[in-house]
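Structure file start_37.pdb (PDB, C-alpha atoms) is printed below.
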```
ATOM      1  CA  MET A 918      -4.685 -25.323  -2.320
ATOM      2  CA  ASN A 919      -7.540 -23.759  -4.223
ATOM      3  CA  LEU A 920     -10.878 -22.070  -3.675
ATOM      4  CA  LYS A 921     -13.566 -22.275  -6.365
ATOM      5  CA  ILE A 922     -16.958 -20.657  -6.678
ATOM      6  CA  GLN A 923     -19.122 -22.269  -9.355
ATOM      7  CA  ASP A 924     -22.408 -21.046 -10.860
ATOM      8  CA  LEU A 925     -23.326 -19.092  -7.740
ATOM      9  CA  ASP A 926     -26.676 -17.343  -7.348
ATOM     10  CA  PHE A 927     -27.660 -15.221  -4.383
ATOM     11  CA  ALA A 928     -30.302 -12.565  -3.765
ATOM     12  CA  TYR A 929     -31.713 -10.604  -0.854
ATOM     13  CA  GLY A 930     -35.411 -10.965  -1.591
ATOM     14  CA  SER A 931     -35.943  -9.497  -5.049
ATOM     15  CA  GLN A 932     -32.501  -7.833  -5.053
ATOM     16  CA  LYS A 933     -30.154 -10.142  -6.942
ATOM     17  CA  VAL A 934     -26.496  -9.898  -5.953
ATOM     18  CA  PHE A 935     -24.910 -12.822  -7.817
ATOM     19  CA  ASN A 936     -26.144 -14.543 -10.960
ATOM     20  CA  ASP A 937     -24.061 -17.446 -12.259
ATOM     21  CA  PHE A 938     -20.949 -16.097 -10.504
ATOM     22  CA  ASN A 939     -17.647 -17.952 -10.924
ATOM     23  CA  MET A 940     -14.225 -17.414  -9.406
ATOM     24  CA  GLU A 941     -11.121 -19.534  -8.778
ATOM     25  CA  LEU A 942      -8.208 -18.626  -6.482
ATOM     26  CA  SER A 943      -4.984 -20.346  -5.481
ATOM     27  CA  THR A 944      -2.330 -19.557  -2.880
ATOM     28  CA  GLY A 945      -1.568 -15.836  -2.612
ATOM     29  CA  ILE A 946      -3.051 -12.422  -1.801
ATOM     30  CA  TYR A 947      -6.085 -11.174  -3.711
ATOM     31  CA  GLY A 948      -7.387  -7.622  -3.491
ATOM     32  CA  LEU A 949     -11.154  -7.353  -3.834
ATOM     33  CA  LEU A 950     -12.274  -3.923  -5.025
ATOM     34  CA  GLY A 951     -15.551  -2.328  -5.981
ATOM     35  CA  PRO A 952     -18.035   0.385  -5.034
ATOM     36  CA  ASN A 953     -20.700  -0.026  -2.368
ATOM     37  CA  GLY A 954     -23.180  -2.633  -3.572
ATOM     38  CA  ALA A 955     -20.634  -4.416  -5.761
ATOM     39  CA  GLY A 956     -21.081  -7.673  -3.829
ATOM     40  CA  LYS A 957     -17.825  -7.703  -1.849
ATOM     41  CA  SER A 958     -19.408  -8.062   1.602
ATOM     42  CA  THR A 959     -21.913 -10.633   0.365
ATOM     43  CA  LEU A 960     -19.070 -12.674  -1.111
ATOM     44  CA  ILE A 961     -17.156 -12.575   2.183
ATOM     45  CA  ASN A 962     -20.316 -13.589   4.088
ATOM     46  CA  LEU A 963     -20.817 -16.528   1.726
ATOM     47  CA  LEU A 964     -17.222 -17.640   2.243
ATOM     48  CA  VAL A 965     -17.554 -17.566   6.041
ATOM     49  CA  GLU A 966     -20.992 -19.258   5.833
ATOM     50  CA  ASN A 967     -22.873 -16.384   7.442
ATOM     51  CA  ILE A 968     -25.227 -16.837   4.482
ATOM     52  CA  LEU A 969     -25.634 -19.782   2.113
ATOM     53  CA  PRO A 970     -25.720 -19.929  -1.699
ATOM     54  CA  GLN A 971     -29.166 -20.224  -3.253
ATOM     55  CA  ARG A 972     -27.634 -22.038  -6.201
ATOM     56  CA  GLY A 973     -24.136 -23.181  -7.049
ATOM     57  CA  THR A 974     -21.265 -24.395  -4.915
ATOM     58  CA  ILE A 975     -18.215 -23.118  -3.072
ATOM     59  CA  LEU A 976     -15.361 -25.623  -3.164
ATOM     60  CA  TRP A 977     -12.279 -25.848  -0.965
ATOM     61  CA  LYS A 978      -9.706 -28.200  -2.463
ATOM     62  CA  ASP A 979     -12.492 -29.409  -4.794
ATOM     63  CA  LYS A 980     -14.821 -30.311  -1.904
ATOM     64  CA  ASP A 981     -18.109 -28.536  -1.164
ATOM     65  CA  ILE A 982     -17.633 -26.420   1.969
ATOM     66  CA  LEU A 983     -21.157 -27.325   3.114
ATOM     67  CA  MET A 984     -20.118 -30.983   3.137
ATOM     68  CA  LEU A 985     -16.810 -30.217   4.881
ATOM     69  CA  GLY A 986     -18.623 -28.503   7.786
ATOM     70  CA  ASP A 987     -16.341 -27.967  10.802
ATOM     71  CA  GLU A 988     -13.320 -29.085   8.792
ATOM     72  CA  TYR A 989     -13.777 -26.035   6.555
ATOM     73  CA  ARG A 990     -14.609 -23.617   9.357
ATOM     74  CA  LYS A 991     -11.396 -24.624  11.127
ATOM     75  CA  ILE A 992      -9.238 -23.412   8.240
ATOM     76  CA  VAL A 993     -10.999 -20.019   7.866
ATOM     77  CA  GLY A 994      -9.765 -16.844   9.536
ATOM     78  CA  TYR A 995     -12.019 -13.791   9.308
ATOM     79  CA  LYS A 996     -11.370 -10.170  10.224
ATOM     80  CA  PRO A 997     -14.663  -8.266  10.035
ATOM     81  CA  GLN A 998     -14.913  -4.574   9.347
ATOM     82  CA  GLN A 999     -17.197  -4.137  12.363
ATOM     83  CA  GLN A1000     -15.407  -2.421  15.243
ATOM     84  CA  SER A1001     -17.766  -2.989  18.178
ATOM     85  CA  ILE A1002     -17.024  -6.642  18.933
ATOM     86  CA  TYR A1003     -17.158  -7.747  22.601
ATOM     87  CA  PRO A1004     -16.377  -4.259  23.942
ATOM     88  CA  GLU A1005     -16.141  -5.325  27.615
ATOM     89  CA  LEU A1006     -13.505  -8.006  27.034
ATOM     90  CA  THR A1007      -9.828  -7.222  27.366
ATOM     91  CA  VAL A1008      -7.624  -7.941  24.361
ATOM     92  CA  ILE A1009      -6.265 -11.176  25.831
ATOM     93  CA  GLU A1010      -9.756 -12.267  26.936
ATOM     94  CA  PHE A1011     -10.983 -11.593  23.408
ATOM     95  CA  LEU A1012      -8.239 -13.714  21.860
ATOM     96  CA  ASN A1013      -8.812 -16.518  24.358
ATOM     97  CA  TYR A1014     -12.548 -16.457  23.671
ATOM     98  CA  ILE A1015     -12.127 -16.626  19.889
ATOM     99  CA  GLY A1016      -9.523 -19.368  20.255
ATOM    100  CA  SER A1017     -11.879 -21.413  22.417
ATOM    101  CA  LEU A1018     -14.616 -21.032  19.791
ATOM    102  CA  LYS A1019     -12.153 -22.433  17.268
ATOM    103  CA  GLY A1020     -11.587 -25.430  19.540
ATOM    104  CA  MET A1021      -7.903 -24.718  20.101
ATOM    105  CA  LYS A1022      -6.001 -26.576  22.794
ATOM    106  CA  LYS A1023      -5.243 -24.389  25.812
ATOM    107  CA  ASN A1024      -1.454 -24.535  25.480
ATOM    108  CA  ASP A1025      -1.553 -23.838  21.725
ATOM    109  CA  LEU A1026      -3.928 -20.947  22.261
ATOM    110  CA  LYS A1027      -1.784 -19.378  24.958
ATOM    111  CA  GLU A1028       1.375 -19.663  22.843
ATOM    112  CA  GLN A1029      -0.229 -18.262  19.696
ATOM    113  CA  ALA A1030      -2.036 -15.444  21.498
ATOM    114  CA  GLU A1031       1.185 -14.285  23.160
ATOM    115  CA  GLU A1032       3.092 -14.431  19.880
ATOM    116  CA  LEU A1033       0.408 -12.444  18.043
ATOM    117  CA  LEU A1034       0.285  -9.797  20.767
ATOM    118  CA  VAL A1035       4.011  -9.237  20.338
ATOM    119  CA  ARG A1036       4.089  -9.376  16.532
ATOM    120  CA  LEU A1037       1.153  -6.972  16.185
ATOM    121  CA  ASN A1038       2.511  -4.582  18.809
ATOM    122  CA  LEU A1039      -0.359  -5.195  21.247
ATOM    123  CA  ALA A1040       1.522  -6.652  24.218
ATOM    124  CA  GLN A1041       1.126  -3.488  26.287
ATOM    125  CA  GLN A1042      -2.616  -3.437  25.546
ATOM    126  CA  ARG A1043      -3.260  -7.055  26.529
ATOM    127  CA  ASN A1044      -5.324  -6.059  29.586
ATOM    128  CA  LYS A1045      -7.069  -3.085  27.994
ATOM    129  CA  LYS A1046     -10.752  -3.447  27.138
ATOM    130  CA  MET A1047     -11.611  -3.648  23.471
ATOM    131  CA  LYS A1048     -13.821  -0.571  23.714
ATOM    132  CA  LYS A1049     -10.838   1.457  24.979
ATOM    133  CA  LEU A1050      -8.573   0.653  22.019
ATOM    134  CA  SER A1051      -7.714   3.220  19.375
ATOM    135  CA  GLY A1052      -8.807   2.517  15.811
ATOM    136  CA  GLY A1053      -5.410   1.161  14.862
ATOM    137  CA  MET A1054      -5.125  -1.044  17.954
ATOM    138  CA  LEU A1055      -8.607  -2.420  17.359
ATOM    139  CA  GLN A1056      -7.807  -3.315  13.752
ATOM    140  CA  ARG A1057      -4.685  -5.128  14.933
ATOM    141  CA  ALA A1058      -6.651  -7.011  17.594
ATOM    142  CA  LEU A1059      -9.209  -8.067  14.993
ATOM    143  CA  LEU A1060      -6.401  -9.222  12.703
ATOM    144  CA  ALA A1061      -4.803 -11.144  15.578
ATOM    145  CA  GLN A1062      -7.962 -13.143  16.289
ATOM    146  CA  SER A1063      -8.319 -13.987  12.586
ATOM    147  CA  LEU A1064      -4.830 -15.539  12.615
ATOM    148  CA  LEU A1065      -5.429 -17.847  15.557
ATOM    149  CA  ASP A1066      -5.019 -21.532  14.668
ATOM    150  CA  ASN A1067      -3.075 -20.630  11.511
ATOM    151  CA  PRO A1068      -5.943 -20.538   8.965
ATOM    152  CA  SER A1069      -5.345 -21.551   5.344
ATOM    153  CA  LEU A1070      -8.027 -19.144   4.099
ATOM    154  CA  LEU A1071      -7.819 -15.621   5.493
ATOM    155  CA  LEU A1072     -10.605 -13.107   4.788
ATOM    156  CA  LEU A1073      -9.882  -9.489   5.697
ATOM    157  CA  ASP A1074     -12.624  -6.872   5.413
ATOM    158  CA  GLU A1075     -11.193  -3.314   5.257
ATOM    159  CA  PRO A1076      -8.124  -4.179   7.402
ATOM    160  CA  THR A1077      -6.659  -0.651   7.170
ATOM    161  CA  ALA A1078      -9.836   1.288   7.964
ATOM    162  CA  GLY A1079      -9.137   3.972  10.546
ATOM    163  CA  LEU A1080      -5.365   3.563  10.418
ATOM    164  CA  ASP A1081      -2.931   6.420   9.983
ATOM    165  CA  PRO A1082      -0.523   6.246   6.983
ATOM    166  CA  LEU A1083       2.327   4.664   8.957
ATOM    167  CA  GLU A1084       0.063   2.012  10.495
ATOM    168  CA  ARG A1085      -1.370   1.237   7.048
ATOM    169  CA  ILE A1086       2.122   0.548   5.759
ATOM    170  CA  ARG A1087       2.876  -1.687   8.739
ATOM    171  CA  MET A1088      -0.412  -3.544   8.266
ATOM    172  CA  ARG A1089       0.355  -4.138   4.564
ATOM    173  CA  GLU A1090       3.819  -5.414   5.394
ATOM    174  CA  TYR A1091       2.499  -7.757   8.059
ATOM    175  CA  ILE A1092      -0.235  -9.155   5.808
ATOM    176  CA  GLU A1093       2.343  -9.791   3.102
ATOM    177  CA  GLU A1094       4.579 -11.512   5.634
ATOM    178  CA  ILE A1095       1.906 -13.919   6.893
ATOM    179  CA  ALA A1096       0.389 -14.649   3.459
ATOM    180  CA  LYS A1097       2.757 -17.466   2.521
ATOM    181  CA  ASP A1098       1.125 -20.867   2.005
ATOM    182  CA  ARG A1099      -2.428 -19.538   2.341
ATOM    183  CA  ILE A1100      -5.131 -17.756   0.363
ATOM    184  CA  VAL A1101      -5.725 -14.198   1.550
ATOM    185  CA  ILE A1102      -8.676 -12.125   0.303
ATOM    186  CA  ILE A1103      -8.632  -8.423   1.200
ATOM    187  CA  ALA A1104     -11.858  -6.506   0.607
ATOM    188  CA  THR A1105     -11.111  -2.802   0.443
ATOM    189  CA  HIS A1106     -11.819   0.408  -1.423
ATOM    190  CA  ILE A1107      -8.218   1.645  -1.115
ATOM    191  CA  ILE A1108      -6.233   0.146  -3.968
ATOM    192  CA  GLU A1109      -3.002   1.598  -2.612
ATOM    193  CA  ASP A1110      -3.249  -0.882   0.269
ATOM    194  CA  ILE A1111      -3.181  -3.912  -2.025
ATOM    195  CA  SER A1112      -1.487  -2.858  -5.257
ATOM    196  CA  THR A1113       2.028  -3.790  -4.136
ATOM    197  CA  ILE A1114       1.234  -7.000  -2.251
ATOM    198  CA  SER A1115      -1.544  -8.648  -4.287
ATOM    199  CA  LYS A1116      -1.021 -11.570  -6.613
ATOM    200  CA  GLU A1117      -4.125 -10.340  -8.413
ATOM    201  CA  ILE A1118      -6.590  -7.485  -8.034
ATOM    202  CA  ILE A1119     -10.262  -8.234  -8.673
ATOM    203  CA  PHE A1120     -12.599  -5.396  -9.669
ATOM    204  CA  MET A1121     -16.252  -6.153  -8.923
ATOM    205  CA  ASN A1122     -19.500  -4.320  -9.615
ATOM    206  CA  HIS A1123     -23.118  -5.451  -9.629
ATOM    207  CA  GLY A1124     -22.095  -8.956  -8.582
ATOM    208  CA  GLN A1125     -19.755  -9.480 -11.520
ATOM    209  CA  ILE A1126     -16.001  -9.558 -11.943
ATOM    210  CA  LEU A1127     -15.231  -6.763 -14.390
ATOM    211  CA  LEU A1128     -11.474  -7.201 -14.402
ATOM    212  CA  GLN A1129      -8.985  -9.516 -12.720
ATOM    213  CA  GLY A1130      -5.222  -9.509 -12.986
ATOM    214  CA  ASN A1131      -1.897  -8.235 -11.716
ATOM    215  CA  MET A1132      -0.853  -4.595 -11.871
ATOM    216  CA  ASP A1133       0.908  -4.937 -15.231
ATOM    217  CA  MET A1134      -2.193  -6.422 -16.797
ATOM    218  CA  LEU A1135      -4.384  -3.683 -15.304
ATOM    219  CA  ARG A1136      -2.076  -0.953 -16.590
ATOM    220  CA  LYS A1137      -2.157  -2.451 -20.103
ATOM    221  CA  THR A1138      -5.934  -2.596 -19.970
ATOM    222  CA  TYR A1139      -6.006   1.039 -18.900
ATOM    223  CA  GLU A1140      -3.718   2.057 -21.771
ATOM    224  CA  GLN A1141      -5.742   0.070 -24.311
ATOM    225  CA  GLY A1142      -8.924   1.709 -23.094
ATOM    226  CA  MET A1143      -7.466   5.193 -23.303
ATOM    227  CA  ASN A1144      -5.948   4.527 -26.749
ATOM    228  CA  SER A1145      -9.336   3.327 -27.992
ATOM    229  CA  GLY A1146     -10.817   6.699 -27.089
ATOM    230  CA  LYS A1147     -12.987   5.367 -24.263
ATOM    231  CA  GLU A1148     -12.973   7.297 -21.024
ATOM    232  CA  ALA A1149     -12.108   4.710 -18.399
ATOM    233  CA  TYR A1150     -12.076   6.924 -15.315
ATOM    234  CA  ILE A1151      -9.022   5.012 -14.201
ATOM    235  CA  LYS A1152      -5.836   6.919 -13.657
ATOM    236  CA  ILE A1153      -2.250   6.077 -12.900
ATOM    237  CA  ASP A1154      -0.841   8.104 -10.033
ATOM    238  CA  ASP A1155       2.669   7.418  -8.700
ATOM    239  CA  GLU A1156       2.523   3.875 -10.074
ATOM    240  CA  ILE A1157      -0.697   3.186  -8.159
ATOM    241  CA  LEU A1158      -3.808   2.302 -10.106
ATOM    242  CA  ILE A1159      -6.766   4.130  -8.580
ATOM    243  CA  LEU A1160     -10.299   2.989  -9.314
ATOM    244  CA  GLU A1161     -12.685   5.937  -9.421
ATOM    245  CA  ASN A1162     -15.544   4.964 -11.741
ATOM    246  CA  LEU A1163     -15.035   1.921 -13.935
ATOM    247  CA  TYR A1164     -16.865   2.060 -17.239
ATOM    248  CA  TYR A1165     -18.721  -1.229 -17.515
ATOM    249  CA  ASP A1166     -18.490  -1.405 -21.315
ATOM    250  CA  LEU A1167     -14.731  -0.920 -21.275
ATOM    251  CA  PHE A1168     -14.167  -4.433 -19.970
ATOM    252  CA  VAL A1169     -17.213  -6.416 -21.086
ATOM    253  CA  SER A1170     -17.745  -5.100 -24.616
TER     254      SER A1170
END
```

As structure tokens:
Amino acid sequence: MNLKIQDLDFAYGSQKVFNDFNMELSTGIYGLLGPNGAGKSTLINLLVENILPQRGTILWKDKDILMLGDEYRKIVGYKPQQQSIYPELTVIEFLNYIGSLKGMKKNDLKEQAEELLVRLNLAQQRNKKMKKLSGGMLQRALLAQSLLDNPSLLLLDEPTAGLDPLERIRMREYIEEIAKDRIVIIATHIIEDISTISKEIIFMNHGQILLQGNMDMLRKTYEQGMNSGKEAYIKIDDEILILENLYYDLFVS
């Protein structure tokens, strides 16, 4: 399976976000990194069709997602960063509601919801209202709903936000476990959460991909930059590459 973005333009009024943007992904986990305003959230919103391209196309298996319509939406799972979704619903009511929106059959929905509650350690919170969940429980509930109906394209926006260190590790392990045979895009600002599980890490800024590759490739780029005398503001710390401030000219000059 593959996801392609070709010649994409998008702007909010006079504020251009993407100009002739291109990207191609295949099966695996991709970490999407960049500072605020880099274009990460806009890209996720384009992929879930919350907004539409002003020019260019997004292709799923070489077919325009706008032409695929419901067929495309059925294969997309989305975990938003927002944490105030349907606060009065219980966890199981929330999962049932999202499953019904996806058009799932009642028996399939019940089976999957119960399995996800157990696997994400939410079984004891099934009847607790969403607004009463802790930050970690809420993130797991949001991940659970994104996995309903076994999506082929999974989009996770800051999935470890608000989690303690142990829960972050568990979340990483679970994402890695369920990533087989699908494309997973994780938008985050914490590279530690994706460095060990990502097929590739994508650095974005100002609507452009500055650097894309696996950890070995990123380390080599870092070393080349430092050896050339350019200050990259990228450091290696305990085998984790941490993006602080990425010099634009280091990777485009």

Counting only C-alpha atoms, which residues of stretch 937-1047 of chain A sit at most 12 Å from some atom of stretch 1113-1119 of chain A, and what is each one's closest atom pair with its distance in Å to one decimal, listed by chain and rising residue number, as CSV?
```
residue,atom,partner,partner_atom,distance
A:Met940,CA,A:Ile1119,CA,10.0
A:Glu941,CA,A:Ile1119,CA,11.3
A:Leu942,CA,A:Glu1117,CA,9.4
A:Ser943,CA,A:Lys1116,CA,9.7
A:Thr944,CA,A:Lys1116,CA,8.9
A:Gly945,CA,A:Lys1116,CA,5.9
A:Ile946,CA,A:Ser1115,CA,4.8
A:Tyr947,CA,A:Glu1117,CA,5.2
A:Gly948,CA,A:Ile1118,CA,4.6
A:Leu949,CA,A:Ile1119,CA,5.0
A:Leu950,CA,A:Ile1119,CA,6.0
A:Gly951,CA,A:Ile1119,CA,8.4
A:Ala955,CA,A:Ile1119,CA,11.4
A:Gly956,CA,A:Ile1119,CA,11.9
A:Lys957,CA,A:Ile1119,CA,10.2
```

Preceding selection exported with C-alpha atoms as a compact mmCIF listing (two decimals), in the coordinates of the input:
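Saved result, again-v5.txt, follows:
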```
# COMPACT_ATOMS: atom_id res chain seq x y z
CA MET A 940 -14.22 -17.41 -9.41
CA GLU A 941 -11.12 -19.53 -8.78
CA LEU A 942 -8.21 -18.63 -6.48
CA SER A 943 -4.98 -20.35 -5.48
CA THR A 944 -2.33 -19.56 -2.88
CA GLY A 945 -1.57 -15.84 -2.61
CA ILE A 946 -3.05 -12.42 -1.80
CA TYR A 947 -6.08 -11.17 -3.71
CA GLY A 948 -7.39 -7.62 -3.49
CA LEU A 949 -11.15 -7.35 -3.83
CA LEU A 950 -12.27 -3.92 -5.03
CA GLY A 951 -15.55 -2.33 -5.98
CA ALA A 955 -20.63 -4.42 -5.76
CA GLY A 956 -21.08 -7.67 -3.83
CA LYS A 957 -17.82 -7.70 -1.85
```

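Minimum distance to A:Thr1077 across A:Leu1034, A:Met1134, A:Arg1043, A:Pro997 (counting all atoms listed in the file) occurs at A:Pro997.
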
* **Straight-line distance linking atom CA of A:Asp926 with atom CA of A:Lys991, stated in Å to one decimal** =>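 Atom CA of A:Asp926 sits 25.1 Å away from atom CA of A:Lys991.
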
* **the PyMOL selection byres ((chain A and resi 1007) around 10) applied to the shown file, residues as a VMD selection string** => chain A and resid 1003 to 1006 1008 to 1013 1042 to 1050

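With atom CA of A:Ile992 on one side and atom CA of A:Asn939 on the other, the separation reads 21.6 Å.
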
* Neighbours of A:Leu1080 within 9 Å (all atoms listed in the file; same-chain residues fewer than 5 positions away dropped), as an MDAnalysis selection string? -> chainID A and resid 1052:1054 1056 1085 1088

Output file for the residues above (C-alpha atoms, as a PDB file, in the coordinates of the input):
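And here's part-v6.pdb as it stands now:
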```pdb
ATOM      1  CA  GLY A1052      -8.807   2.517  15.811  1.00  0.00           C
ATOM      2  CA  GLY A1053      -5.410   1.161  14.862  1.00  0.00           C
ATOM      3  CA  MET A1054      -5.125  -1.044  17.954  1.00  0.00           C
ATOM      4  CA  GLN A1056      -7.807  -3.315  13.752  1.00  0.00           C
ATOM      5  CA  ARG A1085      -1.370   1.237   7.048  1.00  0.00           C
ATOM      6  CA  MET A1088      -0.412  -3.544   8.266  1.00  0.00           C
TER       7      MET A1088
END
```

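Reported to one decimal place, the separation of atom CA of A:Arg1099 from atom CA of A:Gln971 is 27.3 Å.
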
* Could you list as a VMD selection string every residue that has an atom within 12 Å of (-30.1, -10.0, 0.0), using the file's coordinates and counting only C-alpha atoms? -> chain A and resid 926 to 935 954 956 958 to 960 962 to 963 968 to 971 1124

* Near A:Gly1020, within 12 Å and counting only C-alpha atoms, which residues show up once chain neighbours fewer than 4 positions away are dropped, as number ranges by chain? -> A: 987-988, 990-992, 1013-1016, 1024-1026, 1065-1066

What would the file look like if the residues just selected were written as a PDB file, in the coordinates of the input with C-alpha atoms?
```
ATOM      1  CA  ASP A 987     -16.341 -27.967  10.802  1.00  0.00           C
ATOM      2  CA  GLU A 988     -13.320 -29.085   8.792  1.00  0.00           C
ATOM      3  CA  ARG A 990     -14.609 -23.617   9.357  1.00  0.00           C
ATOM      4  CA  LYS A 991     -11.396 -24.624  11.127  1.00  0.00           C
ATOM      5  CA  ILE A 992      -9.238 -23.412   8.240  1.00  0.00           C
ATOM      6  CA  ASN A1013      -8.812 -16.518  24.358  1.00  0.00           C
ATOM      7  CA  TYR A1014     -12.548 -16.457  23.671  1.00  0.00           C
ATOM      8  CA  ILE A1015     -12.127 -16.626  19.889  1.00  0.00           C
ATOM      9  CA  GLY A1016      -9.523 -19.368  20.255  1.00  0.00           C
ATOM     10  CA  ASN A1024      -1.454 -24.535  25.480  1.00  0.00           C
ATOM     11  CA  ASP A1025      -1.553 -23.838  21.725  1.00  0.00           C
ATOM     12  CA  LEU A1026      -3.928 -20.947  22.261  1.00  0.00           C
ATOM     13  CA  LEU A1065      -5.429 -17.847  15.557  1.00  0.00           C
ATOM     14  CA  ASP A1066      -5.019 -21.532  14.668  1.00  0.00           C
TER      15      ASP A1066
END
```

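Candidate residues A:Gln1029, A:Gln1125, A:Gln1041, A:Asn967 were compared for distance to A:Gln1062, and the nearest is A:Gln1029, using all atoms listed in the file.
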
What are the centre and edge lengths in Å, to one decimal, of the axis-aligned box around all listed atoms of stretch 979-993 of chain A with 5 Å added on each side, as AutoDock Vina command-line options?
```
--center_x -15.2 --center_y -25.5 --center_z 3.2 --size_x 21.9 --size_y 21.0 --size_z 25.9
```

* Asked: Any idea what's packed within 7 Å of A:Lys996, counting all atoms listed in the file, ignoring anything in its chain fewer than 2 positions away? Could you give it as an MDAnalysis selection string?
  -> chainID A and resid 994 998 1059:1060 1063 1072:1074
